[in-house]
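Novice: I am sharing start.csv, which consists of CSV, C-alpha atoms:
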```
chain,number,residue,atom,x,y,z
C,1,MET,CA,28.2,-1.2,8.4
C,2,SER,CA,27.2,-3.6,5.6
C,3,VAL,CA,23.6,-4.7,5.3
C,4,SER,CA,21.8,-6.9,2.9
C,5,LYS,CA,21.1,-5.9,-0.7
C,6,LEU,CA,17.4,-6.1,0.1
C,7,ALA,CA,17.8,-3.5,2.9
C,8,GLN,CA,19.9,-1.3,0.7
C,9,ASN,CA,17.4,-1.3,-2.1
C,10,LEU,CA,14.1,-1.2,-0.2
C,11,HIS,CA,12.6,2.3,-0.4
C,12,GLY,CA,10.9,4.0,2.5
C,13,SER,CA,7.4,5.2,2.4
C,14,GLU,CA,6.9,8.5,0.6
C,15,ILE,CA,3.8,9.1,2.7
C,16,ILE,CA,5.9,9.0,5.8
C,17,LYS,CA,8.2,11.6,4.4
C,18,ILE,CA,5.2,13.9,3.8
C,19,ALA,CA,4.0,13.1,7.3
C,20,GLY,CA,7.4,14.3,8.6
C,21,GLU,CA,6.8,17.7,6.9
C,22,ILE,CA,3.3,17.9,8.3
C,23,ASN,CA,4.4,17.1,11.8
C,24,GLU,CA,7.1,19.8,11.7
C,25,LEU,CA,4.6,22.4,10.7
C,26,LYS,CA,2.2,21.2,13.4
C,27,ARG,CA,5.0,21.5,15.9
C,28,GLN,CA,5.3,25.1,14.8
C,29,GLY,CA,1.7,25.6,15.7
C,30,GLN,CA,0.2,25.4,12.2
C,31,ASN,CA,-3.1,23.5,11.6
C,32,ILE,CA,-2.7,21.3,8.6
C,33,ALA,CA,-5.5,19.3,7.0
C,34,ASN,CA,-3.9,15.9,6.6
C,35,LEU,CA,-5.5,14.1,3.7
C,36,THR,CA,-2.6,11.8,3.2
C,37,ILE,CA,-3.1,8.7,5.4
C,38,GLY,CA,-5.4,5.9,4.4
C,39,ASP,CA,-6.8,5.7,7.9
C,40,PHE,CA,-9.7,6.9,10.0
C,41,ASP,CA,-9.6,9.4,12.9
C,42,SER,CA,-11.2,7.2,15.5
C,43,ASN,CA,-12.8,10.2,17.2
C,44,ILE,CA,-14.7,11.0,13.9
C,45,TYR,CA,-15.2,7.4,12.8
C,46,PRO,CA,-15.1,5.1,15.9
C,47,ILE,CA,-15.3,1.3,15.5
C,48,PRO,CA,-18.8,-0.3,15.9
C,49,GLU,CA,-19.9,-0.1,19.6
C,50,ALA,CA,-20.7,-3.8,19.7
C,51,LEU,CA,-17.3,-4.7,18.4
C,52,LYS,CA,-15.6,-2.4,20.9
C,53,GLN,CA,-17.5,-3.9,23.8
C,54,GLY,CA,-16.8,-7.4,22.5
C,55,ILE,CA,-13.1,-6.7,22.5
C,56,ILE,CA,-13.3,-5.4,26.1
C,57,ASP,CA,-15.3,-8.4,27.2
C,58,ALA,CA,-12.7,-10.8,25.5
C,59,TYR,CA,-9.8,-9.2,27.4
C,60,GLY,CA,-12.0,-9.4,30.6
C,61,GLN,CA,-12.2,-13.2,29.9
C,62,ASN,CA,-8.4,-13.4,29.6
C,63,GLN,CA,-8.4,-14.2,25.8
C,64,THR,CA,-4.7,-13.2,25.6
C,65,ASN,CA,-2.8,-16.3,24.7
C,66,TYR,CA,-1.7,-17.4,21.2
C,67,PRO,CA,-4.5,-17.9,18.7
C,68,PRO,CA,-4.3,-20.7,16.1
C,69,ALA,CA,-1.9,-20.0,13.3
C,70,ASP,CA,-4.8,-19.8,10.7
C,71,GLY,CA,-7.1,-17.9,13.1
C,72,MET,CA,-9.9,-18.8,15.6
C,73,LEU,CA,-12.3,-21.3,14.1
C,74,PRO,CA,-15.4,-19.4,15.1
C,75,LEU,CA,-14.1,-16.3,13.2
C,76,ARG,CA,-13.2,-18.3,10.1
C,77,GLU,CA,-16.7,-19.8,10.2
C,78,GLU,CA,-18.2,-16.3,10.5
C,79,VAL,CA,-16.0,-15.0,7.7
C,80,SER,CA,-17.1,-17.9,5.5
C,81,ALA,CA,-20.8,-17.0,6.2
C,82,PHE,CA,-20.0,-13.2,5.6
C,83,ILE,CA,-18.4,-13.7,2.2
C,84,LYS,CA,-21.2,-16.1,1.2
C,85,SER,CA,-23.9,-13.5,2.1
C,86,ARG,CA,-22.1,-10.5,0.6
C,87,PHE,CA,-20.6,-12.0,-2.5
C,88,ASP,CA,-22.2,-15.5,-2.9
C,89,LEU,CA,-18.7,-17.0,-2.6
C,90,ASP,CA,-18.3,-20.5,-1.2
C,91,TYR,CA,-15.1,-20.9,0.9
C,92,ALA,CA,-14.8,-23.4,3.8
C,93,PRO,CA,-13.1,-22.3,7.0
C,94,ASN,CA,-9.9,-24.2,6.0
C,95,GLN,CA,-9.7,-22.0,2.9
C,96,ILE,CA,-9.7,-18.9,5.1
C,97,LEU,CA,-6.7,-17.3,6.8
C,98,ILE,CA,-6.9,-14.7,9.6
C,99,SER,CA,-4.0,-12.3,10.0
C,100,GLY,CA,-3.0,-9.0,11.6
C,101,GLY,CA,-4.6,-6.8,8.9
C,102,SER,CA,-4.2,-7.3,5.2
C,103,ARG,CA,-0.4,-6.6,4.9
C,104,PRO,CA,0.6,-10.1,6.1
C,105,LEU,CA,-1.8,-11.6,3.7
C,106,ILE,CA,-0.3,-9.8,0.7
C,107,TYR,CA,3.2,-10.6,1.9
C,108,SER,CA,2.4,-14.3,2.4
C,109,ILE,CA,0.7,-14.5,-1.1
C,110,TYR,CA,3.9,-13.2,-2.7
C,111,LYS,CA,6.1,-15.5,-0.6
C,112,ALA,CA,3.8,-18.6,-1.2
C,113,ILE,CA,3.6,-18.1,-5.0
C,114,VAL,CA,6.5,-16.0,-6.3
C,115,ASP,CA,10.1,-17.2,-6.7
C,116,PRO,CA,13.0,-14.9,-7.2
C,117,GLY,CA,13.0,-13.6,-10.8
C,118,ASP,CA,9.3,-14.5,-11.4
C,119,LYS,CA,7.3,-11.8,-13.2
C,120,VAL,CA,4.6,-9.9,-11.2
C,121,ILE,CA,2.2,-7.7,-13.1
C,122,PHE,CA,0.6,-4.7,-11.4
C,123,PRO,CA,-0.7,-1.3,-12.4
C,124,THR,CA,0.5,2.1,-11.4
C,125,PRO,CA,-0.6,3.8,-9.4
C,126,SER,CA,-1.2,1.0,-6.9
C,127,TRP,CA,-0.3,0.4,-3.2
C,128,ASN,CA,3.0,-1.2,-2.3
C,129,ASN,CA,3.3,-3.9,-5.0
C,130,ASN,CA,6.7,-2.5,-5.9
C,131,HIS,CA,7.8,-3.0,-2.3
C,132,TYR,CA,6.5,-6.6,-2.2
C,133,CYS,CA,8.4,-7.3,-5.4
C,134,ASP,CA,11.5,-6.0,-3.7
C,135,LEU,CA,10.8,-8.3,-0.7
C,136,THR,CA,10.4,-11.4,-2.9
C,137,VAL,CA,13.1,-10.4,-5.5
C,138,ALA,CA,10.4,-10.6,-8.2
C,139,GLU,CA,10.6,-8.9,-11.5
C,140,PRO,CA,8.0,-6.1,-11.5
C,141,ILE,CA,6.0,-5.7,-14.7
C,142,ILE,CA,4.5,-2.2,-14.3
C,143,ILE,CA,1.4,-1.3,-16.2
C,144,PRO,CA,0.9,2.5,-16.4
C,145,THR,CA,-2.7,3.6,-16.3
C,146,GLY,CA,-4.4,7.0,-16.9
C,147,PRO,CA,-7.5,9.0,-16.2
C,148,GLU,CA,-9.2,7.8,-19.5
C,149,HIS,CA,-9.9,4.5,-17.7
C,150,ASN,CA,-10.1,5.9,-14.2
C,151,PHE,CA,-6.5,4.7,-13.5
C,152,MET,CA,-7.7,1.0,-13.7
C,153,PRO,CA,-5.8,-1.5,-15.9
C,154,THR,CA,-7.5,-3.1,-18.9
C,155,ALA,CA,-7.0,-6.4,-20.6
C,156,ASP,CA,-5.4,-4.6,-23.5
C,157,ASP,CA,-2.9,-3.1,-21.1
C,158,ILE,CA,-2.0,-6.4,-19.5
C,159,ARG,CA,-2.0,-8.6,-22.7
C,160,PRO,CA,1.5,-7.8,-23.9
C,161,HIS,CA,3.0,-8.8,-20.6
C,162,ILE,CA,1.1,-11.9,-19.5
C,163,LYS,CA,3.2,-14.6,-21.1
C,164,GLY,CA,5.2,-16.4,-18.4
C,165,ALA,CA,4.0,-14.2,-15.6
C,166,THR,CA,3.4,-15.7,-12.2
C,167,LEU,CA,1.1,-13.2,-10.4
C,168,LEU,CA,-1.3,-10.5,-11.5
C,169,ALA,CA,-2.0,-8.1,-8.6
C,170,LEU,CA,-5.3,-6.3,-8.8
C,171,CYS,CA,-7.3,-4.1,-6.4
C,172,SER,CA,-10.8,-2.8,-6.6
C,173,PRO,CA,-11.9,-0.4,-5.2
C,174,LEU,CA,-8.4,0.8,-5.8
C,175,ASN,CA,-6.0,2.3,-3.3
C,176,PRO,CA,-5.0,5.1,-4.2
C,177,THR,CA,-7.6,6.2,-6.6
C,178,GLY,CA,-11.0,5.2,-5.1
C,179,THR,CA,-12.0,3.9,-8.6
C,180,MET,CA,-13.3,0.5,-9.5
C,181,PHE,CA,-13.4,-2.2,-12.3
C,182,SER,CA,-16.5,-2.2,-14.4
C,183,LYS,CA,-18.0,-5.7,-14.9
C,184,LYS,CA,-16.9,-5.7,-18.6
C,185,ASP,CA,-13.3,-4.7,-17.9
C,186,LEU,CA,-12.8,-7.3,-15.2
C,187,GLU,CA,-14.5,-10.0,-17.3
C,188,GLU,CA,-12.0,-9.3,-20.1
C,189,ILE,CA,-9.1,-9.5,-17.7
C,190,CYS,CA,-10.5,-12.8,-16.3
C,191,ASP,CA,-10.8,-14.3,-19.8
C,192,LEU,CA,-7.2,-13.2,-20.6
C,193,VAL,CA,-6.0,-15.1,-17.5
C,194,ILE,CA,-8.1,-18.2,-18.4
C,195,ALA,CA,-6.7,-18.2,-21.9
C,196,GLU,CA,-3.1,-17.9,-20.7
C,197,ASN,CA,-3.4,-20.7,-18.2
C,198,LYS,CA,-4.7,-23.0,-20.9
C,199,THR,CA,-1.4,-22.6,-22.7
C,200,ARG,CA,0.7,-23.7,-19.7
C,201,ALA,CA,2.0,-27.3,-19.5
C,202,ALA,CA,1.1,-29.8,-16.8
C,203,GLY,CA,3.1,-29.0,-13.7
C,204,GLU,CA,3.9,-25.5,-14.8
C,205,LYS,CA,3.0,-22.8,-12.4
C,206,PRO,CA,-0.2,-21.1,-13.4
C,207,LEU,CA,-0.8,-17.4,-13.5
C,208,TYR,CA,-2.4,-16.5,-10.2
C,209,ILE,CA,-4.5,-13.4,-9.3
C,210,LEU,CA,-4.1,-11.5,-6.1
C,211,TYR,CA,-7.4,-9.7,-5.7
C,212,ASP,CA,-7.4,-7.1,-3.0
C,213,GLN,CA,-10.9,-6.1,-2.1
C,214,ILE,CA,-10.4,-4.7,1.3
C,215,TYR,CA,-12.6,-1.7,0.3
C,216,SER,CA,-15.4,-3.8,-1.2
C,217,GLN,CA,-18.0,-2.8,1.4
C,218,LEU,CA,-17.4,0.9,0.7
C,219,THR,CA,-18.9,1.6,-2.7
C,220,PHE,CA,-21.1,4.5,-3.7
C,221,GLY,CA,-24.1,5.2,-5.9
C,222,LYS,CA,-24.5,3.1,-9.0
C,223,HIS,CA,-21.1,1.6,-8.6
C,224,GLU,CA,-21.0,-2.2,-7.9
C,225,HIS,CA,-18.1,-4.3,-6.7
C,226,PHE,CA,-17.2,-7.3,-8.9
C,227,ASN,CA,-14.7,-10.1,-8.3
C,228,PRO,CA,-13.0,-12.6,-10.6
C,229,VAL,CA,-14.5,-15.8,-9.1
C,230,SER,CA,-18.1,-14.7,-9.2
C,231,LEU,CA,-17.6,-13.6,-12.8
C,232,ARG,CA,-15.6,-16.7,-13.9
C,233,PRO,CA,-15.9,-19.6,-11.4
C,234,GLU,CA,-13.1,-21.5,-13.1
C,235,LEU,CA,-10.7,-18.9,-11.7
C,236,LYS,CA,-11.3,-20.2,-8.1
C,237,ASP,CA,-8.2,-22.4,-8.2
C,238,VAL,CA,-5.9,-19.5,-9.0
C,239,THR,CA,-7.4,-16.5,-7.2
C,240,ILE,CA,-6.4,-15.4,-3.7
C,241,PHE,CA,-8.5,-12.7,-2.1
C,242,VAL,CA,-7.3,-10.1,0.4
C,243,ASP,CA,-10.0,-8.7,2.6
C,244,GLY,CA,-10.8,-7.9,6.2
C,245,ALA,CA,-12.3,-5.6,8.8
C,246,SER,CA,-9.8,-2.7,8.7
C,247,LYS,CA,-11.6,-0.4,6.3
C,248,CYS,CA,-15.3,-1.4,6.3
C,249,PHE,CA,-15.5,-1.1,10.1
C,250,ALA,CA,-13.0,1.7,10.5
C,251,SER,CA,-10.9,-0.7,12.6
C,252,THR,CA,-7.4,-0.3,11.2
C,253,GLY,CA,-5.8,-0.6,14.6
C,254,VAL,CA,-7.9,-3.7,15.5
C,255,ARG,CA,-5.7,-5.7,13.0
C,256,VAL,CA,-8.1,-8.3,11.8
C,257,GLY,CA,-7.7,-9.2,8.2
C,258,TRP,CA,-8.8,-12.3,6.3
C,259,GLY,CA,-7.7,-13.9,3.1
C,260,PHE,CA,-9.3,-16.8,1.2
C,261,GLY,CA,-8.4,-18.9,-1.8
C,262,PRO,CA,-7.3,-22.4,-2.9
C,263,THR,CA,-6.7,-24.7,0.1
C,264,GLU,CA,-3.1,-25.5,-0.8
C,265,VAL,CA,-2.1,-21.9,-1.2
C,266,ILE,CA,-3.8,-20.8,2.0
C,267,GLY,CA,-2.0,-23.7,3.8
C,268,HIS,CA,1.4,-22.4,2.7
C,269,MET,CA,0.3,-18.8,3.6
C,270,LYS,CA,-0.6,-20.0,7.0
C,271,ALA,CA,2.9,-21.3,7.6
C,272,ILE,CA,4.5,-18.1,6.4
C,273,VAL,CA,2.2,-15.9,8.6
C,274,GLY,CA,2.8,-18.2,11.5
C,275,HIS,CA,6.6,-18.0,11.2
C,276,VAL,CA,6.6,-14.2,11.3
C,277,GLY,CA,4.0,-14.1,14.1
C,278,ALA,CA,1.6,-11.9,12.0
C,279,TRP,CA,-1.7,-13.3,13.4
C,280,ALA,CA,-4.4,-11.0,14.7
C,281,PRO,CA,-4.7,-10.7,18.5
C,282,LYS,CA,-6.9,-13.4,20.0
C,283,ALA,CA,-9.3,-11.1,21.9
C,284,GLU,CA,-10.0,-9.1,18.7
C,285,GLN,CA,-10.6,-12.3,16.8
C,286,VAL,CA,-13.1,-13.5,19.4
C,287,ALA,CA,-14.9,-10.2,19.3
C,288,MET,CA,-15.0,-10.0,15.5
C,289,ALA,CA,-16.5,-13.5,15.3
C,290,LYS,CA,-19.3,-12.4,17.6
C,291,PHE,CA,-19.8,-9.0,15.8
C,292,LEU,CA,-20.1,-10.6,12.4
C,293,LYS,CA,-23.0,-12.7,13.7
C,294,GLN,CA,-25.0,-9.5,14.3
C,295,GLU,CA,-26.2,-8.8,10.8
C,296,ASP,CA,-28.4,-5.8,11.8
C,297,ALA,CA,-25.5,-4.1,13.6
C,298,VAL,CA,-23.2,-4.7,10.7
C,299,ASN,CA,-25.6,-3.3,8.2
C,300,SER,CA,-26.4,-0.3,10.3
C,301,TYR,CA,-22.8,0.6,10.8
C,302,LEU,CA,-21.9,0.2,7.2
C,303,ALA,CA,-24.8,2.3,6.1
C,304,ASP,CA,-23.8,5.2,8.4
C,305,LEU,CA,-20.1,4.9,7.5
C,306,LYS,CA,-20.8,4.9,3.8
C,307,THR,CA,-23.1,7.9,4.0
C,308,ASN,CA,-20.6,10.0,5.9
C,309,ILE,CA,-17.6,9.0,3.7
C,310,GLN,CA,-19.6,9.6,0.5
C,311,ASN,CA,-20.7,13.0,1.7
C,312,SER,CA,-17.1,14.0,2.3
C,313,LEU,CA,-15.9,12.6,-1.0
C,314,ASN,CA,-18.8,14.3,-2.9
C,315,THR,CA,-18.1,17.6,-1.3
C,316,LEU,CA,-14.5,17.5,-2.2
C,317,TYR,CA,-15.3,16.3,-5.8
C,318,LEU,CA,-17.8,19.1,-6.4
C,319,GLY,CA,-15.4,21.6,-5.0
C,320,PHE,CA,-12.7,20.6,-7.5
C,321,GLN,CA,-15.2,20.6,-10.3
C,322,GLN,CA,-16.2,24.2,-9.3
C,323,LEU,CA,-12.5,25.2,-9.4
C,324,LYS,CA,-12.2,23.6,-12.8
C,325,SER,CA,-15.2,25.5,-14.1
C,326,GLU,CA,-13.6,28.7,-12.9
C,327,GLY,CA,-10.5,28.1,-15.1
C,328,PHE,CA,-8.2,26.5,-12.6
C,329,ASN,CA,-6.1,23.7,-14.0
C,330,VAL,CA,-7.5,21.0,-11.7
C,331,ASP,CA,-9.8,18.0,-12.0
C,332,ALA,CA,-11.2,15.1,-10.1
C,333,ILE,CA,-12.7,11.7,-10.9
C,334,GLU,CA,-16.2,10.9,-9.5
C,335,PRO,CA,-15.9,9.0,-6.2
C,336,MET,CA,-16.7,5.3,-6.7
C,337,GLY,CA,-15.5,3.5,-3.6
C,338,ALA,CA,-13.0,3.4,-0.7
C,339,ILE,CA,-12.1,6.5,1.2
C,340,TYR,CA,-10.2,8.2,-1.6
C,341,LEU,CA,-10.7,10.8,-4.2
C,342,THR,CA,-8.4,11.2,-7.3
C,343,VAL,CA,-7.6,14.8,-8.0
C,344,LYS,CA,-5.4,16.7,-10.5
C,345,VAL,CA,-3.5,19.8,-9.6
C,346,ASP,CA,-1.5,20.5,-12.7
C,347,TYR,CA,0.7,23.5,-11.9
C,348,SER,CA,4.2,22.3,-13.0
C,349,GLY,CA,6.1,25.1,-14.4
C,350,LYS,CA,4.5,27.8,-12.2
C,351,THR,CA,6.4,29.9,-9.8
C,352,THR,CA,5.5,30.5,-6.1
C,353,PRO,CA,5.2,34.0,-4.6
C,354,ASP,CA,8.8,33.6,-3.2
C,355,GLY,CA,10.2,32.7,-6.6
C,356,LYS,CA,10.5,29.0,-6.4
C,357,ALA,CA,9.7,27.0,-9.5
C,358,LEU,CA,7.3,24.1,-9.1
C,359,LYS,CA,8.8,21.3,-11.2
C,360,THR,CA,7.2,18.1,-9.9
C,361,ALA,CA,4.1,16.8,-8.2
C,362,THR,CA,6.0,16.7,-4.9
C,363,ASP,CA,6.8,20.4,-5.3
C,364,ILE,CA,3.1,21.1,-5.9
C,365,ASN,CA,2.2,19.1,-2.8
C,366,PHE,CA,4.6,20.9,-0.5
C,367,TYR,CA,3.5,24.2,-1.8
C,368,LEU,CA,-0.1,23.3,-0.9
C,369,ILE,CA,1.0,22.2,2.5
C,370,LYS,CA,2.6,25.5,3.2
C,371,GLU,CA,0.2,27.9,1.5
C,372,ALA,CA,-3.2,26.1,1.7
C,373,LYS,CA,-2.5,24.1,4.9
C,374,VAL,CA,-3.6,20.9,3.1
C,375,ALA,CA,-1.6,17.8,2.4
C,376,LEU,CA,-2.3,15.4,-0.4
C,377,VAL,CA,-0.3,12.4,-1.7
C,378,PRO,CA,1.2,12.6,-5.2
C,379,PHE,CA,0.7,9.4,-7.3
C,380,SER,CA,4.5,9.2,-7.5
C,381,ALA,CA,4.2,7.7,-4.0
C,382,PHE,CA,2.3,4.8,-5.7
C,383,GLY,CA,4.8,4.1,-8.5
C,384,THR,CA,4.1,6.8,-11.2
C,385,GLY,CA,6.6,9.3,-12.5
C,386,GLU,CA,7.0,12.7,-10.8
C,387,GLU,CA,5.6,14.3,-13.9
C,388,VAL,CA,2.1,12.9,-13.2
C,389,ASN,CA,0.2,15.7,-11.4
C,390,TRP,CA,-2.5,13.5,-10.0
C,391,PHE,CA,-3.0,13.0,-6.2
C,392,ARG,CA,-4.7,10.8,-3.7
C,393,VAL,CA,-7.0,12.5,-1.2
C,394,SER,CA,-8.0,10.5,1.8
C,395,VAL,CA,-11.1,11.7,3.8
C,396,GLY,CA,-11.1,9.2,6.7
C,397,ALA,CA,-9.3,11.6,9.1
C,398,SER,CA,-11.4,14.7,8.4
C,399,THR,CA,-14.8,16.0,9.3
C,400,LEU,CA,-17.2,17.2,6.7
C,401,ALA,CA,-16.6,20.7,8.0
C,402,ASP,CA,-12.9,20.3,7.5
C,403,ILE,CA,-13.5,19.2,3.9
C,404,GLU,CA,-15.8,22.2,3.2
C,405,ALA,CA,-13.1,24.6,4.4
C,406,LEU,CA,-10.4,23.2,2.1
C,407,ILE,CA,-11.5,24.4,-1.3
C,408,PRO,CA,-11.3,28.2,-0.5
C,409,ARG,CA,-7.8,27.7,0.8
C,410,ILE,CA,-6.7,25.7,-2.2
C,411,LYS,CA,-8.2,28.3,-4.5
C,412,GLU,CA,-6.4,31.1,-2.7
C,413,ALA,CA,-3.0,29.3,-2.9
C,414,LEU,CA,-3.4,28.5,-6.6
C,415,GLU,CA,-4.3,32.2,-7.4
C,416,LYS,CA,-0.9,33.2,-6.0
C,417,LEU,CA,1.1,31.1,-8.5
C,418,LYS,CA,2.6,32.9,-11.5
```
Let me see the structure of the file written as structure tokens.
Specialist:
Amino acid sequence: MSVSKLAQNLHGSEIIKIAGEINELKRQGQNIANLTIGDFDSNIYPIPEALKQGIIDAYGQNQTNYPPADGMLPLREEVSAFIKSRFDLDYAPNQILISGGSRPLIYSIYKAIVDPGDKVIFPTPSWNNNHYCDLTVAEPIIIPTGPEHNFMPTADDIRPHIKGATLLALCSPLNPTGTMFSKKDLEEICDLVIAENKTRAAGEKPLYILYDQIYSQLTFGKHEHFNPVSLRPELKDVTIFVDGASKCFASTGVRVGWGFGPTEVIGHMKAIVGHVGAWAPKAEQVAMAKFLKQEDAVNSYLADLKTNIQNSLNTLYLGFQQLKSEGFNVDAIEPMGAIYLTVKVDYSGKTTPDGKALKTATDINFYLIKEAKVALVPFSAFGTGEEVNWFRVSVGASTLADIEALIPRIKEALEKLK
């Protein structure tokens, strides 16, 4: 059967492939610590009680018909107030779009801005930009990054590729690394975009910034979240934000995301989201609007969530640093934000006890699944080469006790390699 070129060329999720291996081992009765999925175990991290009750109440009030295409006005008003209080950003309700999580927002940004053949700049590793380029037939301009800059792109990395580009896709805190832009590095990128747009003729499409800050409420220690518009207000007309409730309220299944940006772009995104029916459920929107009004409940929930996530990330980070101090060829980058830790397990070229050579990051990962009963995600799932032996570790589906038990198992598995 013939299918479209898009269908033929669109790659499936590497994380789903890893999940298939994990599920098979679980079917055999093995207990695998799954650190792959960027999600929360809702029994460990339930959504806020007030939000849950609000959703139940909204269904009890029969809030089950179509919501407006751009989202319920009370929710857009509360999002406007929320981003004003959190970031001092001024966006009116008509500059805000509600959708079923953040994916429809990202897709609609690409479709509203990018024409076939347009250049889209994004770093690797990063989440799904390669697939969105496939979906829009864009030309991907991939910026490799490394541990020396915490896997975040710099202005110097971007500068050689910026001429003629349509979209610069950025994320901070970054999925998959859990690292963040410093103020200085983001300012330099902002200045680069401003300078480039000044060279473009009247009527020419500007260089837009897609700024994914879905993890902005989950930052740790001294690390502070920055955004382009607060740093350089003149970028307001070309910056479209991706944000929402999925991560900061552990409510990935509630499916309430919000984007905000220039009125005209948001208007076109609204049409796209509407045509694909990607709005958030009405009852959940009603409940989220009421929950965001409860500042004390919001702050209390965020404080508890951040403390628990940070404890898990720090425990894992210190465990890898201990292994490194003992001579194992591993490393980890200090947790900064999100629910992820970036770790290195550099054992390419080693041989397993049954004589199999570990050639790639994927080989290393499947060895750890079988021998240490722990599953990571190699950065190759986020666009890097298989030779990059860095991995994403997600702690949202594990207890602190689970995390504490991992390091001895990893140590034992690595000791078996020859």
Novice: So, counting all atoms listed in the file, which residue among C:Ile162, C:Val395, C:Ile113, C:Leu316 is closest to C:Ile333?
Specialist: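 The shortest atom-to-atom distance to C:Ile333 comes from C:Leu316.
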Novice: Taking only C-alpha atoms into account, name the residue in C:Val3, C:Ile47, C:Cys248, C:Leu170 that is nearest to C:Gln217.
Specialist: C:Cys248
Novice: One decimal, in Å: what's the spacing between atom CA of C:Thr239 and atom CA of C:Tyr211?
Specialist: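 Computed distance, atom CA of C:Thr239 to atom CA of C:Tyr211, equals 7.0 Å.
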Novice: How far is it from atom CA of C:Gly349 to atom CA of C:Thr362, in Å with one decimal?
Specialist: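 Interatomic distance here is 12.7 Å.
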Novice: Which residue, C:Ile98, C:Glu188, C:Phe320, C:Asp331, has the smallest gap to C:Ile403 when you use only C-alpha atoms?
Specialist: C:Phe320
Novice: For a quick check of your reading of the model, name the residues lying within 7 Å of the coordinate (-0.3, -3.7, -11.1), counting all atoms listed in the file, and write them as a PyMOL selection string.
Specialist: chain C and resi 121-124+126+142-143+168-170
Novice: From the options C:Ala112, C:Val256, C:Ala155, C:Leu414, which residue's atoms come nearest to C:Leu186, counting all atoms listed in the file?
Specialist: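 Result for the nearest residue to C:Leu186: C:Ala155.
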Novice: Separation of atom CA of C:Tyr347 and atom CA of C:Pro125, in Å?
Specialist: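 Distance between the two atoms: 19.9 Å.
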Novice: Nearest to C:Arg159 among C:Ala138, C:Asp243, C:Ala195, C:Phe328, with distances taken over all atoms listed in the file: which residue is it?
Specialist: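 Smallest separation from C:Arg159 among the options: C:Ala195.
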Novice: Counting all atoms listed in the file, which of C:Ile407, C:Ile369, C:Val286, C:Ala413 gets nearest to C:Ile32?
Specialist: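 When distances to C:Ile32 are compared using all atoms listed in the file, the smallest one comes from C:Ile369.
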Novice: Could you tell me, as an MDAnalysis selection string, which residues have any atom at most 12 Å from (-12.8, 23.9, -10.2), counting only C-alpha atoms?
Specialist: chainID C and resid 316:332 343:345 407:408 410:411 414
Novice: With a distance cut-off of 8 Å and only C-alpha atoms, select the neighbouring residues of stretch 207-210 of chain C, excluding the residue or stretch itself and same-chain residues fewer than 3 positions from it, and output the selection as a count of residues only.
Specialist: 17
Novice: Skip C:Ser246 itself and residues of its chain fewer than 3 positions away, then list as an MDAnalysis selection string all residues within 12 Å of it, counting all atoms listed in the file.
Specialist: chainID C and resid 38:40 46:48 99:103 213:218 242:243 249:258 280 284 288 338
Novice: Would you export the selected residues with C-alpha atoms as a PDB file, in the frame of the given file, please?
Specialist:
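What ended up in out_3.pdb:
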```
ATOM      1  CA  GLY C  38      -5.400   5.900   4.400  1.00  0.00           C
ATOM      2  CA  ASP C  39      -6.800   5.700   7.900  1.00  0.00           C
ATOM      3  CA  PHE C  40      -9.700   6.900  10.000  1.00  0.00           C
ATOM      4  CA  PRO C  46     -15.100   5.100  15.900  1.00  0.00           C
ATOM      5  CA  ILE C  47     -15.300   1.300  15.500  1.00  0.00           C
ATOM      6  CA  PRO C  48     -18.800  -0.300  15.900  1.00  0.00           C
ATOM      7  CA  SER C  99      -4.000 -12.300  10.000  1.00  0.00           C
ATOM      8  CA  GLY C 100      -3.000  -9.000  11.600  1.00  0.00           C
ATOM      9  CA  GLY C 101      -4.600  -6.800   8.900  1.00  0.00           C
ATOM     10  CA  SER C 102      -4.200  -7.300   5.200  1.00  0.00           C
ATOM     11  CA  ARG C 103      -0.400  -6.600   4.900  1.00  0.00           C
ATOM     12  CA  GLN C 213     -10.900  -6.100  -2.100  1.00  0.00           C
ATOM     13  CA  ILE C 214     -10.400  -4.700   1.300  1.00  0.00           C
ATOM     14  CA  TYR C 215     -12.600  -1.700   0.300  1.00  0.00           C
ATOM     15  CA  SER C 216     -15.400  -3.800  -1.200  1.00  0.00           C
ATOM     16  CA  GLN C 217     -18.000  -2.800   1.400  1.00  0.00           C
ATOM     17  CA  LEU C 218     -17.400   0.900   0.700  1.00  0.00           C
ATOM     18  CA  VAL C 242      -7.300 -10.100   0.400  1.00  0.00           C
ATOM     19  CA  ASP C 243     -10.000  -8.700   2.600  1.00  0.00           C
ATOM     20  CA  PHE C 249     -15.500  -1.100  10.100  1.00  0.00           C
ATOM     21  CA  ALA C 250     -13.000   1.700  10.500  1.00  0.00           C
ATOM     22  CA  SER C 251     -10.900  -0.700  12.600  1.00  0.00           C
ATOM     23  CA  THR C 252      -7.400  -0.300  11.200  1.00  0.00           C
ATOM     24  CA  GLY C 253      -5.800  -0.600  14.600  1.00  0.00           C
ATOM     25  CA  VAL C 254      -7.900  -3.700  15.500  1.00  0.00           C
ATOM     26  CA  ARG C 255      -5.700  -5.700  13.000  1.00  0.00           C
ATOM     27  CA  VAL C 256      -8.100  -8.300  11.800  1.00  0.00           C
ATOM     28  CA  GLY C 257      -7.700  -9.200   8.200  1.00  0.00           C
ATOM     29  CA  TRP C 258      -8.800 -12.300   6.300  1.00  0.00           C
ATOM     30  CA  ALA C 280      -4.400 -11.000  14.700  1.00  0.00           C
ATOM     31  CA  GLU C 284     -10.000  -9.100  18.700  1.00  0.00           C
ATOM     32  CA  MET C 288     -15.000 -10.000  15.500  1.00  0.00           C
ATOM     33  CA  ALA C 338     -13.000   3.400  -0.700  1.00  0.00           C
TER      34      ALA C 338
END
```
